[in-house]
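Trainee: Below is a structure I'd like to ask you about.
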Amino acid sequence: MKSGRGLPIFRLTLLSLALFLVTGSARAERVEDLASVAGVRSNQLIGYGLVVGLDGTGDQTSQTPFTIQSIENMLAKFGVTVPSNANPMLKNVAAVTVHATLPPFAKPGQTIDVTVSSIGNATSLRGGSLIMAPLRGADGQVYAMAQGSILVSGFGVAGKDGSSITVNIPSSGRIPNGATVERSVPNDFDSSPYVTLNLDTPDFTTATRLTNAINQLLGSGTAEALDAVSVRVRAPLDPSQRIAYVSTLERLNIDPATPPARVIINSRTGTVVISSEVRVMAAAVASGSLTVTITERPQVSQPNGFSNGTTTVTPHSTIDVKQEKAHMFKFPAGVNLNEIVRAVNSVGAAPGDLVAILEALKEAGALRAQLIVI
C-alpha cells in the first residue's frame with residue numbers, strides 16, 4: 001500500500017519517529033535504556049570437562065574419583081583401555097564446570113566467551129587447556145562446544161613449612177571466544193504481528209507514558225499497555241522493516257516516572273542509600289553513643305624467699321563507661337534529601353547511627369519512604 005507521494009506507510013512512520021527523536025525533551029530517556037524487546041534474550045549454557053597440562057596443581061585423584069573416571073571415559077573413546085588394577089595419580093588434570101551465556105540471535109559458527117571453574121581440589125588452573133566440552137541449555141540440547149587455553153588472573157604459592165599466599169582466585173579462569181555455537185535458539189521475533197516492550201522497572205506511569213507517546217506519533221491503537229511492565233505495539237511483518245521499526249522505537253524518548261521513595265540499607269556493610277523522593281515529617285532526633293571498656297590487669301602475689309607460701313594471680317578488672325554527648329536536631333515537615341544529609345552530617349553520625357535514626361523515624365511514622373534492608 002502506497003501513500004500519496006509513493007512512499008510506503010512504514011517509511012513515513014520511521015521518518016516521523018526520527019523527527020520526534022530530534023525534537024524530544026532533553027530530560028527524556030531512550031526507550032532502549034528503559035525497556036527490552038520481549039523474546040530477545042540470552043540463554044545460559046553449562047557443561048562439564050577436563051583441564052589438562054597443569055603443573056602439578058590439578059586434582060588429588062585419591063579424593064576426586066570422578067576425575068579418574070572422566071579420564072578413563074575419554075581415553076576409551078580413543079581406543080585406550082586403562083587396566084583395572086591401575087591407580088593413576090594425575091596431578092596435571094582437573095575436573096571443571098564450563099558455563100557461558102548464549103546471546104540472542106547467535107548463529108552457528110559464531111564464538112562466545114566461556115568461564116571455567118574447578119569442582120575438585122585443584123589449586124590452580126594456570127597454564128591448563130580445556131579439552132572439548134559440550135555446553136548444554138536448560139532443555140538438554142547441545143548449543144556450543146568449548147575448548148582452548150585458559151587465562152587465569154590469580155596465582156598461589158606455598159612454602160615447605162606450610163605457609164602459602166593466594167592472589168585472586170587461581171581455580172577459575174576464562175577462555176575468550178572459547179566456544180563455537182553449534183545450534184541457534186529459535187524465537188518468534190518476526191512471527192507475531194506485535195512487538196512487546198518490557199520495562200526494566202515495573203511502573204504503571206511509565207507504561208502509560210510510553211503507550212501515549214507511541215500512539216501520539218503513530219496513531220491511536222498502535223500501542224496498548226498490558227500491565228505495569230509490558231507495552232504491545234503493532235509492527236510490520238516484513239523482517240527488514242521490523243528491524244528498522246524496532247530500532248527506531250528503541251531510540252524514542254519519553255519521560256519515565258519518578259521512582260518511589262526508598263531507603264536502602266545494606267546490613268552487611270552498613271551502606272545507606274536514600275533516593276531523592278524521600279521526605280521526613282516533623283520530628284526531633286537525639287543520637288549518642290555509649291562505650292564500655294573493660295581492662296583486665298592480673299595482679300601477681302609472690303611470697304618472699306623465706307616463707308612457704310605460693311605465688312598466686314589475682315584478677316583485677318577496670319570498667320570504664322563513656323557516653324558521648326547526645327545531639328538533638330529537628331526535622332521540619334517535608335524536609336528533602338539535602339536537608340536530611342546536612343542534618344545527619346552536622347552531628348557526625350556514623351553509618352550505624354544513621355541506620356538507627358532512619359529505623360526510628362520509620363517506626364514513628366515520620367519517614368515517607370520504603371525502608372528496605374538487603
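Just remember, in the C-alpha cells the first chain shown is A, the second B, etc., residues are 1-based per chain, and ligands are 1-based in the order shown.
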Taking a cut-off of 9 Å and counting only C-alpha atoms, can you build a table that, for each residue of region 137-215 of chain A near region 111-127 of chain A, reports the nearest atom pair and how far apart they are in Å (one decimal), sorted by chain then residue number, as CSV?
Mentor:
```
residue,atom,partner,partner_atom,distance
A:Ala144,CA,A:Thr111,CA,8.7
A:Ala146,CA,A:Val114,CA,7.4
A:Ser149,CA,A:Gly127,CA,7.4
A:Ile150,CA,A:Gly127,CA,6.8
A:Leu151,CA,A:Arg126,CA,7.0
A:Val152,CA,A:Arg126,CA,5.5
A:Ser153,CA,A:Arg126,CA,8.4
A:Gly154,CA,A:Arg126,CA,8.2
A:Phe155,CA,A:Ser124,CA,7.1
A:Gly156,CA,A:Ser124,CA,7.4
A:Ile169,CA,A:Ser124,CA,8.2
A:Pro170,CA,A:Ser124,CA,4.8
A:Ser171,CA,A:Ser124,CA,4.6
A:Ser172,CA,A:Ser117,CA,4.3
A:Gly173,CA,A:Val116,CA,5.3
A:Arg174,CA,A:Thr115,CA,4.4
A:Ile175,CA,A:Val114,CA,5.4
A:Pro176,CA,A:Asp113,CA,4.6
A:Asn177,CA,A:Asp113,CA,4.5
A:Gly178,CA,A:Asp113,CA,5.4
A:Ala179,CA,A:Ile112,CA,5.4
A:Thr180,CA,A:Thr111,CA,4.5
A:Val181,CA,A:Thr111,CA,6.0
```
Trainee: Return as a VMD selection string the full set of residues in region 188-254 of chain A whose backbone-based DSSP assignment is strand (DSSP E or B).
Mentor: chain A and resid 194 to 199 223 to 225 230 to 234 253 to 254
Trainee: Would you output that residue set with N, CA, C and O atoms, as a PDB file, in the first residue's frame?
Mentor:
```pdb
ATOM      1  N   TYR A 194       2.874  -8.272  16.498  1.00  0.00           N
ATOM      2  CA  TYR A 194       3.143  -7.288  17.539  1.00  0.00           C
ATOM      3  C   TYR A 194       4.593  -7.390  18.008  1.00  0.00           C
ATOM      4  O   TYR A 194       5.244  -8.430  17.880  1.00  0.00           O
ATOM      5  N   VAL A 195       5.079  -6.291  18.543  1.00  0.00           N
ATOM      6  CA  VAL A 195       6.347  -6.243  19.277  1.00  0.00           C
ATOM      7  C   VAL A 195       6.021  -5.782  20.686  1.00  0.00           C
ATOM      8  O   VAL A 195       5.348  -4.760  20.870  1.00  0.00           O
ATOM      9  N   THR A 196       6.465  -6.547  21.671  1.00  0.00           N
ATOM     10  CA  THR A 196       6.172  -6.220  23.065  1.00  0.00           C
ATOM     11  C   THR A 196       7.417  -5.657  23.728  1.00  0.00           C
ATOM     12  O   THR A 196       8.493  -6.272  23.682  1.00  0.00           O
ATOM     13  N   LEU A 197       7.271  -4.488  24.324  1.00  0.00           N
ATOM     14  CA  LEU A 197       8.354  -3.841  25.062  1.00  0.00           C
ATOM     15  C   LEU A 197       8.129  -4.075  26.548  1.00  0.00           C
ATOM     16  O   LEU A 197       7.062  -3.734  27.077  1.00  0.00           O
ATOM     17  N   ASN A 198       9.117  -4.653  27.217  1.00  0.00           N
ATOM     18  CA  ASN A 198       9.038  -4.939  28.648  1.00  0.00           C
ATOM     19  C   ASN A 198       9.911  -3.955  29.418  1.00  0.00           C
ATOM     20  O   ASN A 198      11.131  -3.890  29.197  1.00  0.00           O
ATOM     21  N   LEU A 199       9.323  -3.191  30.306  1.00  0.00           N
ATOM     22  CA  LEU A 199      10.070  -2.222  31.101  1.00  0.00           C
ATOM     23  C   LEU A 199      10.990  -2.944  32.083  1.00  0.00           C
ATOM     24  O   LEU A 199      10.616  -3.966  32.674  1.00  0.00           O
ATOM     25  N   ALA A 223      -0.308   1.195  20.036  1.00  0.00           N
ATOM     26  CA  ALA A 223       0.293   0.593  21.226  1.00  0.00           C
ATOM     27  C   ALA A 223      -0.739   0.495  22.328  1.00  0.00           C
ATOM     28  O   ALA A 223      -1.653   1.343  22.425  1.00  0.00           O
ATOM     29  N   GLU A 224      -0.625  -0.522  23.140  1.00  0.00           N
ATOM     30  CA  GLU A 224      -1.502  -0.673  24.303  1.00  0.00           C
ATOM     31  C   GLU A 224      -0.701  -1.265  25.450  1.00  0.00           C
ATOM     32  O   GLU A 224       0.125  -2.162  25.267  1.00  0.00           O
ATOM     33  N   ALA A 225      -0.947  -0.732  26.651  1.00  0.00           N
ATOM     34  CA  ALA A 225      -0.259  -1.222  27.844  1.00  0.00           C
ATOM     35  C   ALA A 225      -0.991  -2.449  28.364  1.00  0.00           C
ATOM     36  O   ALA A 225      -2.192  -2.402  28.646  1.00  0.00           O
ATOM     37  N   SER A 230       4.596  -4.494  30.453  1.00  0.00           N
ATOM     38  CA  SER A 230       4.554  -4.747  29.010  1.00  0.00           C
ATOM     39  C   SER A 230       3.696  -3.737  28.257  1.00  0.00           C
ATOM     40  O   SER A 230       2.592  -3.398  28.693  1.00  0.00           O
ATOM     41  N   VAL A 231       4.234  -3.293  27.113  1.00  0.00           N
ATOM     42  CA  VAL A 231       3.507  -2.445  26.175  1.00  0.00           C
ATOM     43  C   VAL A 231       3.582  -3.136  24.817  1.00  0.00           C
ATOM     44  O   VAL A 231       4.672  -3.376  24.283  1.00  0.00           O
ATOM     45  N   ARG A 232       2.428  -3.458  24.239  1.00  0.00           N
ATOM     46  CA  ARG A 232       2.376  -4.164  22.972  1.00  0.00           C
ATOM     47  C   ARG A 232       2.162  -3.173  21.835  1.00  0.00           C
ATOM     48  O   ARG A 232       1.267  -2.326  21.894  1.00  0.00           O
ATOM     49  N   VAL A 233       2.986  -3.294  20.782  1.00  0.00           N
ATOM     50  CA  VAL A 233       2.972  -2.342  19.677  1.00  0.00           C
ATOM     51  C   VAL A 233       2.791  -3.117  18.370  1.00  0.00           C
ATOM     52  O   VAL A 233       3.453  -4.133  18.149  1.00  0.00           O
ATOM     53  N   ARG A 234       1.900  -2.628  17.512  1.00  0.00           N
ATOM     54  CA  ARG A 234       1.745  -3.227  16.187  1.00  0.00           C
ATOM     55  C   ARG A 234       2.998  -2.969  15.360  1.00  0.00           C
ATOM     56  O   ARG A 234       3.559  -1.866  15.404  1.00  0.00           O
ATOM     57  N   ASN A 253      12.218   8.860  22.734  1.00  0.00           N
ATOM     58  CA  ASN A 253      12.457   9.495  24.026  1.00  0.00           C
ATOM     59  C   ASN A 253      11.145   9.686  24.786  1.00  0.00           C
ATOM     60  O   ASN A 253      10.167  10.193  24.230  1.00  0.00           O
ATOM     61  N   ILE A 254      11.130   9.277  26.056  1.00  0.00           N
ATOM     62  CA  ILE A 254       9.983   9.511  26.924  1.00  0.00           C
ATOM     63  C   ILE A 254      10.492   9.955  28.298  1.00  0.00           C
ATOM     64  O   ILE A 254      11.664   9.765  28.630  1.00  0.00           O
TER      65      ILE A 254
END
```
Trainee: Identify which of the residues A:Leu252, A:Glu359, A:Val142, A:Asp238 lies closest to Pro108 (chain A), counting only C-alpha atoms when measuring atom-to-atom distances.
Mentor: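 Ranking A:Leu252, A:Glu359, A:Val142, A:Asp238 by distance to Pro108 (chain A), first place goes to A:Val142.
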